[in-house]
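I have placed the structure first, in the form of structure tokens, so that the comments after it can refer back to it.
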There are 2 protein chains.
Amino acid sequence: MSQPVDRALRTRAARVIPGGMYGHQAVGALPEGYPQFFTRAEGPWLWDTDGNLLLDLMCAYGPQLFGYGNADIDRAYVEQMHVGDAMTGPSPLIVDLAETMVAMVSHADWAMFCKNGSDATTMALMVARSHTGRNAIVRAAGAYHGSQPWSNPRPRGISPTDQAGQHLCTYNDVASLEAAVKAAGNDLAAIFASPYRQDVFNDQSAPSLAYARRARQLADETGALLVVDEVRTGFRIARDCSWSLLKVAPDLSCWGKAIANGHPISALMGSEKARGAAEKIYATGSYWFAAAAMAASLATLNLIRSTDYLERITRLGDGLRTGLNAQAAAQGFTLRQTGPAQMPLILFDNDPDMRLGYFWSERMVAHGVYVHPWHNMFLSAAMTDANIDFALDAAQQAFAELAEAAPKLGPNTRYPGPKRA
Amino acid sequence: MSQPVDRALRTRAARVIPGGMYGHQAVGALPEGYPQFFTRAEGPWLWDTDGNLLLDLMCAYGPQLFGYGNADIDRAYVEQMHVGDAMTGPSPLIVDLAETMVAMVSHADWAMFCKNGSDATTMALMVARSHTGRNAIVRAAGAYHGSQPWSNPRPRGISPTDQAGQHLCTYNDVASLEAAVKAAGNDLAAIFASPYRQDVFNDQSAPSLAYARRARQLADETGALLVVDEVRTGFRIARDCSWSLLKVAPDLSCWGKAIANGHPISALMGSEKARGAAEKIYATGSYWFAAAAMAASLATLNLIRSTDYLERITRLGDGLRTGLNAQAAAQGFTLRQTGPAQMPLILFDNDPDMRLGYFWSERMVAHGVYVHPWHNMFLSAAMTDANIDFALDAAQQAFAELAEAAPKLGPNTRYPGPKRA
């Protein structure tokens, strides 16, 4: 795959952007040959700067739930933008949107809107501290709750005090959860939980009912607040907070990414119990009350309520999973496909430095399908059976190429994660 | 001013939004009669939900530099949005925008883009800690650097550790700056500075040359990084970092609000010295690499470089200031008008609980001019001499009404700030 335009852009970027790119969309830790820059997106498709067309199984790392450029959602954004967007106060749409979200999210009685997923998780932390007058938190090791200093997954630039009073447990391990709560003693403000175990580099797991229920119990026993961080999963597992499927109601939930199909807005939602504490914190941002993204969110929520998008992406994900397993087996590979089918993570068995996964992923991109070797992916409602067939055709070739190359593959020096079995 | 629609919205909002509204645009601490919600904005004008037309001297708290709905900027946003906005990677526009910003901001060799002003100031903190391997910071008491826990101006929901290792000085007081740096000892990572003293509730002051130079010297002597937080002031004082006017170059500068005329984007910029440290931190957000706001920013920067907007807003601000002073004096009041004329703060002398300021501001709104009683305001290039005349006509009436009412005004229970002289 020749990429002269992408290479030239990287050279320019290296001069004016640290590292040439930063954050979760930097491709330095992905297989060689992944494009860094994209010029165009439509429905399930992405075009890189060299004109290569890619079926995008990352959906912008989540935000694209109804596909790029959804006409209804984008029209709502543009129409509101021309009427009034970032003004000196909010538009009535903030009330409409809060009412709509509260009607959809069963545990919640109120909503506050912000921009980043990190804004919502940080506000959750502040509300829990405001509610309890305490400081400590319990969260699962390896779980991502945003890149603010208190939750940043890397140590560089972080002060030890930023993550003081954090007690880590192992997701789905009730005893470790109890031990972490005990370690927090009488200072526990919040228990943070991901909807399911969705750490990068590792097999995903559904939440065990025992773990979710025990988290709720421990919060009740200690007076701490239970927070479900729905930023990455929101509305891809349920049309409500995903733990509603377990009948476990958090006190706070964090939302972002898909709630406006890529338009910039996130939200913290809470139960009546936490309202007073939420009223007392100071949280704000320059663009938080902009109306266009709220109009886009209302249009997105309308599609969430009125279409079969969830059943569709689940069915498409199941088809992809089944097809890939058969193809892999036919070439002598065993895949570990975990997570909800509509948010799949695809790892290879017996691939400690992910050389198999990197080779296969690179071939997928070469054949026109953007996959990620160690982060969960995302399906969108813009995808069709034909798209899944297209992905499986690419995979068929990629597995065959991998079967031929596997015996001579050298160590994978680009893989940044922990060594795996 | 009858406000049945606004009142009905507040009733609905109180059910689904904590406190009915939150953050800097909540009007609970403003004079009674201020509208909370707005339906429409165009050029310098704002319409509240009851159809009242207001000349908006807040400009969305800064973002509106070229007025609401600027055609060139909004067209750039919409055109790019339809091509590709939040994708699985950035568009080439991130390189164009970084090059353009680096060419304009003389101290800077690189840029990183984000969403909130707080994102930029928090990244500055992280880069300084990454660069030095130290943790402490010096900043001026009362200066606002965003609502993240490390800089949040209110204690509620904040852990004492969030603001550990912070040494406060008094803006423009060289001895206090030196004392704070000394108190940080060998742990100093960063000296934060606002471009000028722009705290709410207080008279604004220009930065003294001695203070700015000493901050630079102390950073050099200790190895700490000097950060100028240009989020609120950016491109309203200079077409460069505002301290370029003092010939003092920071290592890092933070940008937001006006850089895309209200479209959501912010930036951290840095010098070569800080590049390596910036490469090592992890900072990211779901919508940070979205291309539409970058297109809008490029269009905004084009207007900044090619028009006399800065000279225009300065001249308009001077005219407003002169006119208001004369009107106030004629009615027996003394105003303290401070800050750059294009970012004016208007306080009344002998007004400890701001009862004069609140009454006058409320009358200004009643006469169609949105002013703020204790936060600096913002002029935009969409404003004209006729708009300033309109504001002065309103002010003429408001001062007359104040002169009549002043002797019988009771204590101002809504004023949330410190008691003043």
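In the structure tokens, chains take letters A, B, ... by order of appearance, with residues numbered from 1 within each chain and ligands from 1 in the order shown.
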
What lies within 8 Å of stretch 245-255 of chain A using only C-alpha atoms, ignoring chain neighbours under 5 positions off, as a PyMOL selection string?
chain A and resi 106-108+117+120-121+124+209+212-213+216+225-232+234+238+266-271+273-274

Give me the residues within 8 Å of B:Tyr415 as a PyMOL selection string, counting only C-alpha atoms and dropping any in the same chain fewer than 5 places off.
chain B and resi 29-30+353-354

Between B:Arg236, B:Arg40, B:Arg336, B:Lys408, which is the closest to chain A once you count only C-alpha atoms?
B:Arg40

Find the spatial neighbours of stretch 328-333 of chain B, counting only C-alpha atoms, within a cut-off of 10 Å - ignore same-chain residues fewer than 4 positions away - and output them as number ranges by chain.
B: 323-324, 348-350, 356, 395-396, 398-404

Which of stretch 152-348 of chain A end up as helix (DSSP H, G or I) when DSSP is run on this backbone - answer as a VMD selection string?
chain A and resid 160 to 163 174 to 187 209 to 222 242 to 246 257 to 260 272 to 280 291 to 306 309 to 330

Output C-alpha atoms of each residue in that selection to a file, as a PDB file, in the first residue's frame.
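File out00.pdb, as written:
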ATOM      1  CA  PRO A 160       1.774  11.026  42.798  1.00  0.00           C
ATOM      2  CA  THR A 161      -0.828  13.102  44.625  1.00  0.00           C
ATOM      3  CA  ASP A 162      -3.067  13.114  41.524  1.00  0.00           C
ATOM      4  CA  GLN A 163      -3.908   9.465  42.108  1.00  0.00           C
ATOM      5  CA  VAL A 174     -15.721  -9.861  44.258  1.00  0.00           C
ATOM      6  CA  ALA A 175     -13.113 -10.593  46.910  1.00  0.00           C
ATOM      7  CA  SER A 176     -10.707  -8.014  45.430  1.00  0.00           C
ATOM      8  CA  LEU A 177     -13.536  -5.480  45.280  1.00  0.00           C
ATOM      9  CA  GLU A 178     -14.299  -6.070  48.927  1.00  0.00           C
ATOM     10  CA  ALA A 179     -10.616  -5.778  49.823  1.00  0.00           C
ATOM     11  CA  ALA A 180     -10.271  -2.479  47.953  1.00  0.00           C
ATOM     12  CA  VAL A 181     -13.357  -1.067  49.673  1.00  0.00           C
ATOM     13  CA  LYS A 182     -11.973  -2.190  53.006  1.00  0.00           C
ATOM     14  CA  ALA A 183      -8.622  -0.562  52.222  1.00  0.00           C
ATOM     15  CA  ALA A 184     -10.382   2.727  51.541  1.00  0.00           C
ATOM     16  CA  GLY A 185     -11.715   2.543  55.092  1.00  0.00           C
ATOM     17  CA  ASN A 186     -13.980   5.375  56.113  1.00  0.00           C
ATOM     18  CA  ASP A 187     -12.755   7.654  53.314  1.00  0.00           C
ATOM     19  CA  LEU A 209     -24.025 -10.335  38.282  1.00  0.00           C
ATOM     20  CA  ALA A 210     -22.355 -11.022  41.619  1.00  0.00           C
ATOM     21  CA  TYR A 211     -19.743  -8.309  41.009  1.00  0.00           C
ATOM     22  CA  ALA A 212     -22.254  -5.682  39.943  1.00  0.00           C
ATOM     23  CA  ARG A 213     -24.597  -6.458  42.838  1.00  0.00           C
ATOM     24  CA  ARG A 214     -21.762  -6.457  45.353  1.00  0.00           C
ATOM     25  CA  ALA A 215     -20.562  -3.077  44.062  1.00  0.00           C
ATOM     26  CA  ARG A 216     -24.064  -1.704  44.633  1.00  0.00           C
ATOM     27  CA  GLN A 217     -24.220  -3.241  48.121  1.00  0.00           C
ATOM     28  CA  LEU A 218     -20.807  -1.944  49.133  1.00  0.00           C
ATOM     29  CA  ALA A 219     -21.713   1.549  47.975  1.00  0.00           C
ATOM     30  CA  ASP A 220     -24.887   1.392  50.024  1.00  0.00           C
ATOM     31  CA  GLU A 221     -23.118   0.017  53.085  1.00  0.00           C
ATOM     32  CA  THR A 222     -20.377   2.662  53.005  1.00  0.00           C
ATOM     33  CA  SER A 242     -26.085  -1.055  30.338  1.00  0.00           C
ATOM     34  CA  TRP A 243     -26.241  -2.248  33.953  1.00  0.00           C
ATOM     35  CA  SER A 244     -30.016  -1.890  33.755  1.00  0.00           C
ATOM     36  CA  LEU A 245     -29.794  -5.294  32.038  1.00  0.00           C
ATOM     37  CA  LEU A 246     -28.412  -6.600  35.351  1.00  0.00           C
ATOM     38  CA  LYS A 257     -18.935   9.343  22.203  1.00  0.00           C
ATOM     39  CA  ALA A 258     -22.081   7.921  20.601  1.00  0.00           C
ATOM     40  CA  ILE A 259     -24.669  10.191  22.245  1.00  0.00           C
ATOM     41  CA  ALA A 260     -24.485  12.688  19.375  1.00  0.00           C
ATOM     42  CA  GLU A 272     -32.026  11.962  43.056  1.00  0.00           C
ATOM     43  CA  LYS A 273     -29.699  11.002  45.908  1.00  0.00           C
ATOM     44  CA  ALA A 274     -26.758  12.741  44.239  1.00  0.00           C
ATOM     45  CA  ARG A 275     -28.603  15.871  43.082  1.00  0.00           C
ATOM     46  CA  GLY A 276     -27.748  18.026  46.065  1.00  0.00           C
ATOM     47  CA  ALA A 277     -24.064  17.180  45.780  1.00  0.00           C
ATOM     48  CA  ALA A 278     -24.116  17.916  42.048  1.00  0.00           C
ATOM     49  CA  GLU A 279     -25.661  21.332  42.695  1.00  0.00           C
ATOM     50  CA  LYS A 280     -22.711  22.306  44.861  1.00  0.00           C
ATOM     51  CA  ALA A 291     -26.743  24.162  21.269  1.00  0.00           C
ATOM     52  CA  ALA A 292     -25.791  22.556  17.935  1.00  0.00           C
ATOM     53  CA  ALA A 293     -24.322  19.431  19.531  1.00  0.00           C
ATOM     54  CA  MET A 294     -27.437  19.213  21.717  1.00  0.00           C
ATOM     55  CA  ALA A 295     -29.649  19.306  18.618  1.00  0.00           C
ATOM     56  CA  ALA A 296     -27.497  16.551  17.114  1.00  0.00           C
ATOM     57  CA  SER A 297     -27.813  14.536  20.292  1.00  0.00           C
ATOM     58  CA  LEU A 298     -31.597  14.862  20.289  1.00  0.00           C
ATOM     59  CA  ALA A 299     -31.650  13.616  16.692  1.00  0.00           C
ATOM     60  CA  THR A 300     -29.362  10.718  17.642  1.00  0.00           C
ATOM     61  CA  LEU A 301     -31.505   9.774  20.642  1.00  0.00           C
ATOM     62  CA  ASN A 302     -34.537   9.850  18.387  1.00  0.00           C
ATOM     63  CA  LEU A 303     -32.901   7.266  16.119  1.00  0.00           C
ATOM     64  CA  ILE A 304     -31.892   5.217  19.154  1.00  0.00           C
ATOM     65  CA  ARG A 305     -35.497   5.074  20.315  1.00  0.00           C
ATOM     66  CA  SER A 306     -37.172   4.630  16.958  1.00  0.00           C
ATOM     67  CA  TYR A 309     -30.057  -0.087  15.247  1.00  0.00           C
ATOM     68  CA  LEU A 310     -29.112  -2.093  18.360  1.00  0.00           C
ATOM     69  CA  GLU A 311     -30.507  -5.383  17.124  1.00  0.00           C
ATOM     70  CA  ARG A 312     -28.921  -4.688  13.738  1.00  0.00           C
ATOM     71  CA  ILE A 313     -25.377  -4.010  14.993  1.00  0.00           C
ATOM     72  CA  THR A 314     -25.620  -7.002  17.314  1.00  0.00           C
ATOM     73  CA  ARG A 315     -26.697  -9.268  14.445  1.00  0.00           C
ATOM     74  CA  LEU A 316     -23.977  -7.897  12.145  1.00  0.00           C
ATOM     75  CA  GLY A 317     -21.407  -8.376  14.899  1.00  0.00           C
ATOM     76  CA  ASP A 318     -22.524 -11.958  15.451  1.00  0.00           C
ATOM     77  CA  GLY A 319     -22.177 -12.660  11.725  1.00  0.00           C
ATOM     78  CA  LEU A 320     -18.698 -11.174  11.629  1.00  0.00           C
ATOM     79  CA  ARG A 321     -17.632 -13.132  14.696  1.00  0.00           C
ATOM     80  CA  THR A 322     -18.933 -16.443  13.395  1.00  0.00           C
ATOM     81  CA  GLY A 323     -17.381 -15.916   9.979  1.00  0.00           C
ATOM     82  CA  LEU A 324     -13.975 -14.940  11.361  1.00  0.00           C
ATOM     83  CA  ASN A 325     -13.855 -17.918  13.696  1.00  0.00           C
ATOM     84  CA  ALA A 326     -14.513 -20.312  10.818  1.00  0.00           C
ATOM     85  CA  GLN A 327     -11.921 -18.628   8.582  1.00  0.00           C
ATOM     86  CA  ALA A 328      -9.283 -18.618  11.309  1.00  0.00           C
ATOM     87  CA  ALA A 329      -9.869 -22.276  12.151  1.00  0.00           C
ATOM     88  CA  ALA A 330      -9.607 -23.242   8.499  1.00  0.00           C
TER      89      ALA A 330
END

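The closest residue to B:Pro153, picked from A:Ala283, A:Val369, A:Ala386, A:Met377 and counting only C-alpha atoms, is A:Ala283.
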
Of A:Gly410, A:Gly262, A:Gly51, A:Gly67, the one sitting nearest chain B when using only C-alpha atoms is A:Gly262

Rank nothing, just name the residue among B:Arg7, B:Ala60, B:Val16, B:Asn135 nearest to A:Met101, using only C-alpha atoms.
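Closest to A:Met101 of all the choices is B:Val16.
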
Would you list the contacts of B:Ser91 as an NGL selection string, taking every protein, DNA or RNA residue within 7 Å and counting only C-alpha atoms, but skipping same-chain residues closer than 6 positions in sequence?
(:A and (37-39)) or (:B and (291))

Closest to chain A among B:Ser208, B:Ser380, B:Asn172, B:Asn261, using only C-alpha atoms?
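Answer, going by the shortest atom-to-atom distance: B:Asn261.
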
Nearby residues (only C-alpha atoms) at most 7 Å from stretch 31-35 of chain B, same-chain spacing under 5 positions excluded, as a ChimeraX atom specification
/B:6,48,358,362,414

For A:Asn376, the nearest of the candidates A:Val200, A:Ala290, A:Ala71, A:Ala406, counting only C-alpha atoms:
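Using only C-alpha atoms, A:Asn376 sits closest to A:Val200.
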
Residues near B:Leu168, cut-off 6 Å, only C-alpha atoms, skip fewer than 5 positions along chain, as a list in words:
Val138, Arg139, Ala140 and Ala141 of chain B
